[in-house]
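Text of the file protein26.txt, holding compact mmCIF, C-alpha atoms and all ligand atoms:
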# COMPACT_ATOMS: atom_id res chain seq x y z
CA MET A 57 0.00 0.00 0.00
CA PHE A 58 1.26 3.47 -0.80
CA VAL A 59 0.37 7.05 0.08
CA VAL A 60 1.35 10.32 -1.58
CA ARG A 61 1.58 13.30 0.74
CA GLN A 62 3.21 16.69 0.99
CA ALA A 63 6.72 16.43 2.42
CA THR A 64 7.73 18.36 5.53
CA LYS A 65 11.01 19.12 7.27
CA SER A 66 10.77 15.85 9.19
CA ASP A 67 11.12 13.97 5.87
CA ALA A 68 14.51 15.53 5.13
CA GLU A 69 16.60 12.46 6.03
CA ALA A 70 14.40 10.11 4.00
CA ILE A 71 14.55 12.41 0.97
CA TYR A 72 18.29 12.85 1.40
CA ALA A 73 18.73 9.05 1.34
CA ILE A 74 16.86 8.77 -1.99
CA GLU A 75 18.82 11.77 -3.29
CA THR A 76 22.25 10.24 -2.53
CA ASP A 77 21.21 6.93 -4.11
CA SER A 78 20.02 8.70 -7.27
CA PHE A 79 22.42 11.49 -8.29
CA SER A 80 26.16 11.84 -8.93
CA THR A 81 26.06 15.31 -7.33
CA PRO A 82 23.33 15.02 -4.68
CA TRP A 83 22.01 17.85 -2.58
CA SER A 84 23.46 18.07 0.92
CA LEU A 85 21.18 17.31 3.85
CA GLU A 86 21.25 21.04 4.68
CA SER A 87 20.01 21.88 1.18
CA VAL A 88 17.19 19.36 1.47
CA ILE A 89 16.16 20.84 4.82
CA ARG A 90 16.20 24.35 3.35
CA GLU A 91 14.01 23.25 0.44
CA LEU A 92 11.47 21.75 2.82
CA GLU A 93 11.45 24.77 5.14
CA GLU A 94 10.46 27.32 2.51
CA GLN A 95 6.96 26.07 1.94
CA ASN A 96 5.57 29.25 0.39
CA GLU A 97 7.51 29.17 -2.85
CA ARG A 98 8.42 25.50 -2.79
CA ILE A 99 6.42 22.34 -2.74
CA TYR A 100 7.56 18.75 -2.26
CA PHE A 101 5.67 15.47 -2.35
CA LEU A 102 6.71 12.12 -0.98
CA VAL A 103 5.48 8.61 -1.75
CA GLU A 104 5.57 6.09 1.07
CA GLU A 105 5.13 2.39 0.52
CA ASP A 106 4.25 0.53 3.71
CA GLY A 107 5.57 3.50 5.68
CA GLN A 108 8.87 3.72 3.82
CA ALA A 109 9.81 6.66 1.60
CA VAL A 110 10.29 5.47 -1.99
CA ALA A 111 10.00 8.60 -4.16
CA TYR A 112 9.86 12.36 -4.00
CA ALA A 113 9.39 15.31 -6.33
CA GLY A 114 9.52 19.02 -5.79
CA ALA A 115 9.32 22.41 -7.44
CA TRP A 116 9.72 26.13 -6.97
CA MET A 117 6.87 28.46 -7.77
CA VAL A 118 7.94 31.79 -9.26
CA TYR A 119 5.03 34.04 -10.23
CA ASP A 120 3.04 31.81 -12.58
CA GLU A 121 5.85 29.42 -13.47
CA GLY A 122 6.72 26.16 -11.80
CA GLN A 123 10.32 24.96 -11.91
CA ILE A 124 10.74 21.30 -11.04
CA THR A 125 13.89 20.93 -8.97
CA ASN A 126 14.23 17.18 -8.43
CA ILE A 127 12.39 13.93 -8.92
CA ALA A 128 13.82 10.63 -7.76
CA VAL A 129 12.73 7.13 -6.90
CA ARG A 130 14.90 4.88 -4.77
CA PRO A 131 16.69 2.37 -7.02
CA GLU A 132 14.89 -0.72 -5.64
CA SER A 133 11.48 0.80 -6.39
CA ARG A 134 11.93 2.01 -9.96
CA ARG A 135 9.67 0.94 -12.84
CA GLU A 136 6.79 0.46 -10.43
CA GLY A 137 5.01 3.65 -11.39
CA TYR A 138 6.09 5.81 -8.43
CA GLY A 139 7.97 8.33 -10.57
CA ALA A 140 4.87 8.98 -12.64
CA ILE A 141 2.60 9.06 -9.58
CA VAL A 142 4.65 11.62 -7.65
CA THR A 143 5.29 13.78 -10.73
CA ARG A 144 1.58 13.80 -11.69
CA LYS A 145 0.70 14.85 -8.16
CA LEU A 146 3.23 17.67 -8.27
CA ILE A 147 2.04 18.90 -11.69
CA LYS A 148 -1.59 18.87 -10.58
CA GLU A 149 -0.78 20.85 -7.45
CA LEU A 150 1.30 23.40 -9.36
CA PHE A 151 -1.53 24.03 -11.82
CA ASN A 152 -4.07 24.19 -8.96
CA ARG A 153 -1.93 26.86 -7.34
CA GLY A 154 -2.07 29.06 -10.43
CA MET A 155 1.03 28.06 -12.36
CA THR A 156 0.48 28.26 -16.12
CA GLU A 157 3.68 26.54 -17.29
CA ILE A 158 6.07 24.09 -15.66
CA PHE A 159 9.75 23.86 -16.58
CA LEU A 160 12.50 21.37 -15.83
CA GLU A 161 16.02 20.48 -16.91
CA VAL A 162 17.18 16.95 -17.61
CA ARG A 163 20.46 15.39 -18.70
CA ILE A 164 20.23 14.62 -22.39
CA SER A 165 21.37 11.02 -21.70
CA ASN A 166 18.76 10.40 -18.99
CA ILE A 167 16.58 8.05 -21.03
CA ALA A 168 14.34 7.07 -18.10
CA ALA A 169 13.56 10.63 -17.02
CA LEU A 170 13.09 11.83 -20.60
CA ALA A 171 10.64 9.02 -21.28
CA LEU A 172 8.74 9.82 -18.09
CA TYR A 173 8.51 13.54 -18.86
CA ARG A 174 7.46 12.97 -22.47
CA ARG A 175 4.81 10.58 -21.29
CA LEU A 176 3.44 13.27 -19.00
CA GLY A 177 3.25 15.75 -21.88
CA PHE A 178 6.49 17.74 -21.49
CA THR A 179 8.20 18.85 -24.70
CA VAL A 180 11.77 19.99 -25.33
CA LYS A 181 12.10 23.79 -25.52
CA GLY A 182 15.87 24.14 -25.75
CA ILE A 183 19.29 23.02 -24.62
CA ARG A 184 21.54 24.39 -21.88
CA LYS A 185 25.12 23.68 -22.88
CA SER A 186 27.30 21.96 -20.23
CA TYR A 187 24.63 22.57 -17.59
CA TYR A 188 25.62 19.52 -15.55
CA THR A 189 28.93 18.50 -14.01
CA ASN A 190 30.22 15.09 -12.89
CA PRO A 191 30.09 14.27 -15.78
CA THR A 192 29.76 17.46 -17.80
CA GLU A 193 26.66 17.21 -19.97
CA ASP A 194 24.06 19.35 -21.72
CA ALA A 195 20.54 19.68 -20.38
CA TYR A 196 17.29 19.70 -22.25
CA ILE A 197 14.91 22.39 -21.06
CA MET A 198 11.42 20.91 -21.11
CA SER A 199 8.07 22.46 -20.35
CA LEU A 200 4.42 21.64 -19.94
CA VAL A 201 1.66 24.23 -20.32
CA LYS A 202 -1.53 24.02 -18.34
CA GLU A 203 -3.87 23.25 -21.22
CA GLU A 204 -1.90 20.19 -22.31
CA THR A 205 -3.27 16.87 -21.13
CA LEU A 206 -1.43 14.83 -18.51
C1 LIG B 301 13.49 8.91 -13.72
C2 LIG B 301 12.86 8.17 -12.55
C3 LIG B 301 12.36 9.20 -11.54
C4 LIG B 301 11.66 7.34 -13.08
O1 LIG B 301 10.97 6.80 -11.97
P1 LIG B 301 10.21 5.38 -12.03
O2 LIG B 301 9.41 5.25 -10.81
O3 LIG B 301 11.18 4.31 -12.34
O4 LIG B 301 9.27 5.62 -13.31
P2 LIG B 301 7.85 4.93 -13.54
O5 LIG B 301 7.87 3.50 -13.10
O6 LIG B 301 6.80 5.80 -12.98
O7 LIG B 301 7.79 4.95 -15.13
C5 LIG B 301 6.97 5.86 -15.84
C6 LIG B 301 7.38 5.84 -17.30
O8 LIG B 301 8.66 6.44 -17.45
C7 LIG B 301 9.40 5.75 -18.45
N1 LIG B 301 10.58 5.09 -17.87
C8 LIG B 301 10.88 4.96 -16.54
N2 LIG B 301 12.06 4.33 -16.40
C9 LIG B 301 12.51 4.05 -17.65
C10 LIG B 301 13.67 3.42 -18.15
N3 LIG B 301 14.61 2.94 -17.31
N4 LIG B 301 13.83 3.32 -19.48
C11 LIG B 301 12.88 3.80 -20.34
N5 LIG B 301 11.74 4.40 -19.91
C12 LIG B 301 11.56 4.54 -18.59
C13 LIG B 301 8.44 4.75 -19.05
O9 LIG B 301 7.71 5.39 -20.07
C14 LIG B 301 7.56 4.46 -17.88
O10 LIG B 301 6.33 3.92 -18.20
P3 LIG B 301 6.17 2.31 -18.33
O11 LIG B 301 6.84 1.70 -17.13
O12 LIG B 301 4.70 2.12 -18.37
O13 LIG B 301 6.88 1.97 -19.60
C15 LIG B 301 13.86 7.17 -11.90
O14 LIG B 301 14.46 6.39 -12.90
C16 LIG B 301 14.96 7.84 -11.09
O15 LIG B 301 14.80 8.12 -9.90
N6 LIG B 301 16.14 8.08 -11.72
C17 LIG B 301 17.28 8.68 -11.03
C18 LIG B 301 17.03 10.13 -10.68
C19 LIG B 301 16.73 10.97 -11.92
O16 LIG B 301 17.37 10.83 -12.95
N7 LIG B 301 15.75 11.88 -11.78
C20 LIG B 301 15.36 12.78 -12.84
C21 LIG B 301 16.21 13.99 -12.79
S1 LIG B 301 15.81 15.15 -14.08
Would it be possible to restate this file's structure as structure tokens?
Amino acid sequence: MFVVRQATKSDAEAIYAIETDSFSTPWSLESVIRELEEQNERIYFLVEEDGQAVAYAGAWMVYDEGQITNIAVRPESRREGYGAIVTRKLIKELFNRGMTEIFLEVRISNIAALALYRRLGFTVKGIRKSYYTNPTEDAYIMSLVKEETL
């Protein structure tokens, strides 16, 4: 059984654990805590399966634009639909809160994430050259506008 709920500061360690298992340059625990503290402009969701955190997704809200910061699923729980579930929840909430377009960046080699975002309706808007380090890589800028179907 799983639940999707808004993440709070007390989820920082659980999110940090998924973060370090998922990225070559993960956020520090302090950064995760800061993200979760600023709940006015930021929003994070967590999926728990039988009480254990398996996925999270978050975004910043700037005027009427959402900027997805991170989405990750713990390695043992991938391809079970949690990435799509938590991202859909985040998108829905961002649009409910008045955002009209949602942006994100993704490594151009990240086949899994690209497939997920395309499936949810995001399209490529441009490229940011050498946006990522460790290893250095370009990013696709993708966006989803409110009218497009999920
Ligand atoms: C990207 C990520 C969040 C996907 O999460 P997930 O829970 O495995 O994804 P889901 O099971 O919800 O899959 C949804 C769809 O995404 C696509 N997808 C997911 N993983 C994929 C893979 N390895 N290869 C190809 N397509 C993939 C598929 O279209 C999939 O639908 P399907 O299973 O019906 O074919 C996960 O792989 C992850 O945490 N990666 C490391 C962190 C990361 O790169 N985050 C994104 C940063 S921009």
Just how far from atom CA of A:Ser165 is atom CA of A:Ala63, in Å to one decimal? 28.7 Å
Which residues, written as a ChimeraX atom specification, have at least one atom at most 7 Å from A:Met117, with only C-alpha atoms counted and residues fewer than 6 positions away on the same chain left out? /A:97-98,123
Once you count all atoms listed in the file, which residues end up within 9 Å of ligand LIG 301 (chain B), and could you hand them over as a PyMOL selection string? chain A and resi 74-75+77-79+110-113+124-131+133-143+160-163+166-176
Please produce a file of the residues just selected, as a short mmCIF file (atom, residue, chain, number, x, y, z; two decimals), in the frame of the given file, where the atoms kept are C-alpha atoms.
data_model
loop_
_atom_site.label_atom_id
_atom_site.label_comp_id
_atom_site.auth_asym_id
_atom_site.auth_seq_id
_atom_site.Cartn_x
_atom_site.Cartn_y
_atom_site.Cartn_z
CA ILE A 74 16.86 8.77 -1.99
CA GLU A 75 18.82 11.77 -3.29
CA ASP A 77 21.21 6.93 -4.11
CA SER A 78 20.02 8.70 -7.27
CA PHE A 79 22.42 11.49 -8.29
CA VAL A 110 10.29 5.47 -1.99
CA ALA A 111 10.00 8.60 -4.16
CA TYR A 112 9.86 12.36 -4.00
CA ALA A 113 9.39 15.31 -6.33
CA ILE A 124 10.74 21.30 -11.04
CA THR A 125 13.89 20.93 -8.97
CA ASN A 126 14.23 17.18 -8.43
CA ILE A 127 12.39 13.93 -8.92
CA ALA A 128 13.82 10.63 -7.76
CA VAL A 129 12.73 7.13 -6.90
CA ARG A 130 14.90 4.88 -4.77
CA PRO A 131 16.69 2.37 -7.02
CA SER A 133 11.48 0.80 -6.39
CA ARG A 134 11.93 2.01 -9.96
CA ARG A 135 9.67 0.94 -12.84
CA GLU A 136 6.79 0.46 -10.43
CA GLY A 137 5.01 3.65 -11.39
CA TYR A 138 6.09 5.81 -8.43
CA GLY A 139 7.97 8.33 -10.57
CA ALA A 140 4.87 8.98 -12.64
CA ILE A 141 2.60 9.06 -9.58
CA VAL A 142 4.65 11.62 -7.65
CA THR A 143 5.29 13.78 -10.73
CA LEU A 160 12.50 21.37 -15.83
CA GLU A 161 16.02 20.48 -16.91
CA VAL A 162 17.18 16.95 -17.61
CA ARG A 163 20.46 15.39 -18.70
CA ASN A 166 18.76 10.40 -18.99
CA ILE A 167 16.58 8.05 -21.03
CA ALA A 168 14.34 7.07 -18.10
CA ALA A 169 13.56 10.63 -17.02
CA LEU A 170 13.09 11.83 -20.60
CA ALA A 171 10.64 9.02 -21.28
CA LEU A 172 8.74 9.82 -18.09
CA TYR A 173 8.51 13.54 -18.86
CA ARG A 174 7.46 12.97 -22.47
CA ARG A 175 4.81 10.58 -21.29
CA LEU A 176 3.44 13.27 -19.00
#
Would you mind reading off the distance between atom CA of A:Ile71 and atom CA of A:Ile99, one decimal, in Å? 13.4 Å
Residues within 7 Å of A:Ile183, only C-alpha atoms, excluding chain neighbours under 6 positions, as a PDB file with C-alpha atoms, in the frame of the given file:
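What landed in part07.pdb:
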ATOM      1  CA  ASP A 194      24.060  19.350 -21.720  1.00  0.00           C
ATOM      2  CA  ALA A 195      20.540  19.680 -20.380  1.00  0.00           C
ATOM      3  CA  TYR A 196      17.290  19.700 -22.250  1.00  0.00           C
ATOM      4  CA  ILE A 197      14.910  22.390 -21.060  1.00  0.00           C
TER       5      ILE A 197
END
Just the number, please: distance in Å from atom CA of A:Gln108 to atom CA of A:Val59, one decimal. 9.9 Å
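Of the residues listed (A:Tyr119, A:Val201, A:Trp83, A:Val103), A:Val201 shows the shortest atom-to-atom separation from A:Lys148; distances use all atoms listed in the file.
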Which is closer to A:Ala73 than all the others in A:Leu85, A:Thr189, A:Glu121, A:Glu132, using only C-alpha atoms? A:Leu85
For each of A:Ile147, A:Ile164, A:Met198, A:Leu102, take the minimum atom-to-atom distance to A:Ala115, counting all atoms listed in the file, then give the residue where this is smallest.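 The closest residue to A:Ala115 is A:Ile147.
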Taking into account all atoms listed in the file, which residue in the set A:Phe58, A:Ser80, A:Trp116, A:Lys202 is nearest to A:Asn152?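 Ranking A:Phe58, A:Ser80, A:Trp116, A:Lys202 by distance to A:Asn152, first place goes to A:Lys202.
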